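Student: Below are the structure tokens for one structure; questions will follow.
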Amino acid sequence: MEKEEEKETVYLSSVESTSSITVRIRMDYPLTKETVEKQNIKMTVSSANGKTLASPNISYKYVDKYGNECSQNDIVAAIDIIAHSLPAGSADDIYTVTVTGDGYRTYTYRQLSLEKYSKIVTIGTKESTFTLGDVNNDGTVNSHDQEEMQSALGTTNADYDINKDGKVNIIDLYYVNRGIMVQGTGMAVAQNGSMVAQAVINNIDTAETDLSNVEISDGKSLSDLFTAEEEVTLTKTDSEEISESSPLEIPISFTEPVEMSEIQISTPSNAGIEKFNLIVETENGTETIPYENAVSMARLSSRSTDNVLVVNLGTRKVVKKVTIQVTKTADNETAVIKQIEFVEETLEKAPEAEAAKSQNLTATAGSESVTLTWDKMVNVTGYKVYYGTTQKRLCQKYNI
Ligand SMILES: [Ca+2]
Ligand SMILES: [Ca+2]
């Protein structure tokens, strides 16, 4: 092979980009998964430009306050609904999402652009976005819902049975009353998730990106590193093994600096990258961040045979150049990459539903004892009674 002295030209090809829209529903009332499933919460996605979409792949994940998937009796902290594989990367890739559920105000977000980033939208059930309590489904929670609910009290009419316990009673009315109080509060803001492949490619500074020490095989180009479709095999142009002292380096320079808080590298679990560093260049200088986690994140969707190696940058950084410095792979000859993603924002840790307070507490003094009574609550796993010698010092606790 002929050895070239000067820097090689970097070829970029345009790619078929797809991206995702995530809607996180913060479940502000403590309801179990079993209950929430009966509420029939669904999301639909359509093109805001009247384009016909192949029926989108939408996944639903019920998570508890620790971010783990719920089982039937767990309290749901959030529902993460993800529309996957939506066409992305051009100015007319704009979408409308609609979230519906029995007893919830229908929520619609129009004009979500997937030209440059995936999108994350957070809504809540105790604010005016996806309010619980719209029993007559007219898009708001007001006195009409209250009146209808009042006349349905004592029946088993499923339309008014908000918590799906088989009866319409004051608990259902409570949700309507709270829903009225929270009208006008809360607003959903779309956040940028990970950068769309075509947007990354459009932003690569080919003059500054030096790929002369790395070879991309099988006729693929640098572009293919950013799509989910292609597995790209890279080798070093010298014949040395990949190691700490002789790493395989993939430098990526941006024309416009990119804001990011995390970088994710998907690699096949059986033949992939095991250790690497990120060399991140910002206005403030250059920093080397090692990938340290031995455990990698399992992929949510169809790419479950890949490992996703996540490097959190600590804070959000404005990055001019990033170099992926691979120091160990399965065979130390090749580095196989399925996808590199630059992430601006990630989903926050799942929030905890507001602790429900008991109603109608009464206390009856006895001899060296006190008898407490309160209304039975649904969807709780126990009660905590705080007590003490003054109201401000309730430092004793009793779990029931
Ligand atoms: Ca209504
Ligand atoms: Ca009920």
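Chain labels A, B, ... are given in the sequence in which chains occur in the structure tokens; within each chain residues are numbered consecutively from 1, and ligands are likewise numbered from 1 in the order shown.
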As a PyMOL selection string, please: every residue in range 53-286 of chain A that DSSP puts in alpha helix (DSSP H).

Tutor: chain A and resi 143-152+170-181+197-202

Student: Kindly compile the residues surrounding ligand 1 within 7 Å, counting only C-alpha atoms and all ligand atoms, and format them as a JSON list (two decimals) with C-alpha atoms, in the first residue's frame.

Tutor:
[["chain", "number", "residue", "atom", "x", "y", "z"],
["A", 134, "ASP", "CA", -61.18, 15.97, 32.80],
["A", 135, "VAL", "CA", -63.93, 13.39, 33.02],
["A", 136, "ASN", "CA", -66.08, 14.86, 30.26],
["A", 137, "ASN", "CA", -63.06, 15.08, 27.97],
["A", 138, "ASP", "CA", -63.56, 18.66, 26.79],
["A", 139, "GLY", "CA", -59.93, 19.71, 27.22],
["A", 140, "THR", "CA", -60.20, 21.43, 30.56],
["A", 141, "VAL", "CA", -61.02, 20.60, 34.17],
["A", 142, "ASN", "CA", -63.76, 22.89, 35.47],
["A", 144, "HIS", "CA", -68.73, 20.92, 34.48],
["A", 145, "ASP", "CA", -66.54, 17.98, 35.45]]

Student: Show which residues sit within 8 Å of range 219-226 of chain A, as a list in words. Count only C-alpha atoms, and ignore same-chain residues fewer than 3 positions away.

Tutor: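 Surrounding residues, per the criterion: Val10, Tyr11, Leu12, Ser13, Ser14, Val15, Ala197, Val200, Ile201, Ile216, Glu229, Glu230, Glu231, Val232, Ile337, Lys338, Gln339, Ile340 and Glu341 of chain A.
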
Student: Would you list the residues that come within 8 Å of ligand 2? Count only C-alpha atoms and all ligand atoms and give the answer as a JSON list (two decimals) with N, CA and C atoms, in the first residue's frame.

Tutor:
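That gives us part-v4.json:
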[["chain", "number", "residue", "atom", "x", "y", "z"],
["A", 160, "TYR", "N", -66.49, 7.92, 35.19],
["A", 160, "TYR", "CA", -66.21, 8.82, 36.31],
["A", 160, "TYR", "C", -65.34, 8.16, 37.37],
["A", 161, "ASP", "N", -65.05, 6.90, 37.17],
["A", 161, "ASP", "CA", -64.23, 6.15, 38.14],
["A", 161, "ASP", "C", -62.76, 6.39, 37.79],
["A", 162, "ILE", "N", -62.23, 7.53, 38.24],
["A", 162, "ILE", "CA", -60.90, 7.97, 37.83],
["A", 162, "ILE", "C", -59.82, 6.98, 38.28],
["A", 163, "ASN", "N", -59.89, 6.50, 39.50],
["A", 163, "ASN", "CA", -58.83, 5.62, 39.99],
["A", 163, "ASN", "C", -59.14, 4.14, 39.77],
["A", 164, "LYS", "N", -60.20, 3.87, 38.97],
["A", 164, "LYS", "CA", -60.49, 2.52, 38.47],
["A", 164, "LYS", "C", -60.58, 1.47, 39.58],
["A", 165, "ASP", "N", -61.23, 1.89, 40.70],
["A", 165, "ASP", "CA", -61.41, 0.91, 41.77],
["A", 165, "ASP", "C", -62.82, 0.33, 41.77],
["A", 166, "GLY", "N", -63.59, 0.61, 40.73],
["A", 166, "GLY", "CA", -64.91, -0.01, 40.59],
["A", 166, "GLY", "C", -66.04, 0.81, 41.19],
["A", 167, "LYS", "N", -65.70, 1.93, 41.84],
["A", 167, "LYS", "CA", -66.79, 2.76, 42.38],
["A", 167, "LYS", "C", -66.47, 4.24, 42.18],
["A", 168, "VAL", "N", -67.53, 5.01, 42.07],
["A", 168, "VAL", "CA", -67.37, 6.46, 41.93],
["A", 168, "VAL", "C", -67.67, 7.06, 43.30],
["A", 169, "ASN", "N", -66.63, 7.65, 43.91],
["A", 169, "ASN", "CA", -66.84, 8.22, 45.25],
["A", 169, "ASN", "C", -66.01, 9.47, 45.45],
["A", 170, "ILE", "N", -65.88, 9.91, 46.69],
["A", 170, "ILE", "CA", -65.22, 11.20, 46.93],
["A", 170, "ILE", "C", -63.75, 11.21, 46.52],
["A", 171, "ILE", "N", -63.15, 10.05, 46.42],
["A", 171, "ILE", "CA", -61.75, 10.04, 45.96],
["A", 171, "ILE", "C", -61.68, 10.49, 44.50],
["A", 172, "ASP", "N", -62.63, 10.03, 43.71],
["A", 172, "ASP", "CA", -62.67, 10.46, 42.30],
["A", 172, "ASP", "C", -62.96, 11.96, 42.22]]

Student: Please give the complete set of residues from range 179-387 of chain A that DSSP, run on the backbone, assigns to strand (DSSP E or B), formatted as number ranges by chain.

Tutor: A: 190-195, 204, 214-216, 232-236, 248-268, 273-282, 285-290, 297-298, 306-329, 334-337, 339-343, 362-366, 369-373, 384-387

Student: So which one's closest to Thr185 in chain A, A:Leu234, A:Ile123, A:Val311, A:Leu112? Using only C-alpha atoms, please.

Tutor: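 Using only C-alpha atoms, Thr185 in chain A sits closest to A:Ile123.
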